[in-house]
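Everything on this sheet refers to the single structure shown next.
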Amino acid sequence: FFSLQLRGIMLALVSCSATALVLSPARRAGNLQMLAVEEFAISKEIKSVRVFDGEYADDICDEVAAAARACIAEKGSFSLCIPGGSVVAALAQMPADAFEASKVHLFFANEKIPSYPCKEGGLDAAKKLGVPEANLHAFGEGEPAAVAESYSSLLASHASIDNSGAVPSVDMLLLGTGPDGHVGCLFPDSAEIKASRAGKVVLAGNDARADGDFVAISLDVMNAAKCVIVSAAGAGRAEMVAKALAGNFGPFDCPAGLVEAEEETLWFTDKESIAVFDEFADIEDEDELEEE
């Protein structure tokens with residue numbers, strides 16, 4: 001794979017090659033009182049984008065295993081929040097001795113009620129990883145609002161989760177994406193994504209795009225995670241990936257683009273899903289060269 005780093009809030013393309021793309025804050029024009037002898041920018045890496053030529057399930061496993069080992073060595077446990085679908089299915093390829101499975105705790109990013117498909121996928125993942133069933137923390141049964149309240153309390157009190165901040169902070173969160181930019185059950189322009197920055201932990205909602213009732217962790221909790229891996233593969237997600245990475249979206253119409261972990265946000269893409277963003281980057285590069 002090759003990797004891209006997205007830096008700063010205002011972005012301008014400054015260099016491009018076959019293997020890497022680096023973005024940094026745009027310059028602001030101004031009237032200088034005296035001649036500057038040096039100019040530089042200091043910025044924070046917001047998103048790191050990896051582009052793969054094919055499947056990357058093994059690479060997801062590598063990242064999870066490395067994080068698990070580090071957290072277990074540091075604090076004796078590892079909290080991993082998982083979605084449903086192909087992202088959690090990728091964990092089936094994890095080597096049996098990758099980490100101390102008994103010290104791993106699995107939590108859920110979302111669940112559909114009353115079908116509970118994520119719970120089923122999580123049970124399969126736990127068995128394949130060797131994680132004790134007692135360490136699999138699925139959503140309970142009941143009315144969505146009551147389920148959300150109960151799970152909020154669980155996340156806010158579990159020993160494997162950092163609760164020193166405003167909302168619970170898991171060690172790692174895995175997220176899949178939809179072509180519309182949804183993550184978990186946070187859909188574009190929905191009441192749940194609009195509840196961001198309100199300090200909510202778990203939300204209960206009803207949306208036809210989620211096949212009805214659901215519960216989901218809030219964007220606040222997603223962004224409080226120490227590390228987030230956002231998976232977006234295939235040509236069907238290319239427009240969304242370009243929008244999310246370039247920042248060309250409104251306040252609530254691309255939830256995936258709003259995900260920014262506390263420490264590290266990793267986007268896993270492939271050549272098909274990154275293609276439109278590459279075209280955008282090439283245009284920006286040409287514009288920058290013309291200005292010079």
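Labels for the structure tokens follow display order: chains A, B, ..., residues from 1 in each chain, ligands from 1.
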
Mind checking DSSP for range 80-132 of chain A and telling me the strand (DSSP E) residues as a PyMOL selection string?
-> chain A and resi 80-82+104-108+110-112

Contacts of range 222-225 of chain A within 12 Å, only C-alpha atoms, excl. fewer than 4 positions in-chain, as a ChimeraX atom specification: /A:46,79-83,108-110,155,161-175,183-186,193,196-197,199-202,216-218,229-230,255-265

Need the shell around Ala204 in chain A: protein/DNA/RNA residues with any atom at most 6 Å away, counting only C-alpha atoms. Skip same-chain ones fewer than 5 positions apart. Format as a compact mmCIF listing (two decimals) with N, CA, C and O atoms, in the first residue's frame?
```
# COMPACT_ATOMS: atom_id res chain seq x y z
N PRO A 144 -35.56 0.66 22.42
CA PRO A 144 -34.29 1.31 22.05
C PRO A 144 -33.80 2.36 23.05
O PRO A 144 -32.61 2.40 23.36
N ALA A 145 -34.69 3.20 23.55
CA ALA A 145 -34.27 4.24 24.49
C ALA A 145 -33.68 3.65 25.76
O ALA A 145 -32.66 4.12 26.28
N ALA A 148 -30.27 2.08 24.96
CA ALA A 148 -29.26 3.12 24.82
C ALA A 148 -28.80 3.63 26.18
O ALA A 148 -27.60 3.83 26.42
N PHE A 214 -32.88 1.36 15.97
CA PHE A 214 -31.46 1.05 16.18
C PHE A 214 -30.94 1.81 17.40
O PHE A 214 -31.58 2.74 17.91
N VAL A 215 -29.77 1.40 17.85
CA VAL A 215 -29.00 2.15 18.85
C VAL A 215 -27.59 2.29 18.30
O VAL A 215 -27.11 1.42 17.56
```

Taking only C-alpha atoms into account, name the residue in A:Glu143, A:Asp207, A:Asp253, A:Asp62 that is nearest to Lys194 in chain A.
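Once distances to Lys194 in chain A are computed over only C-alpha atoms, the minimum belongs to A:Asp253.
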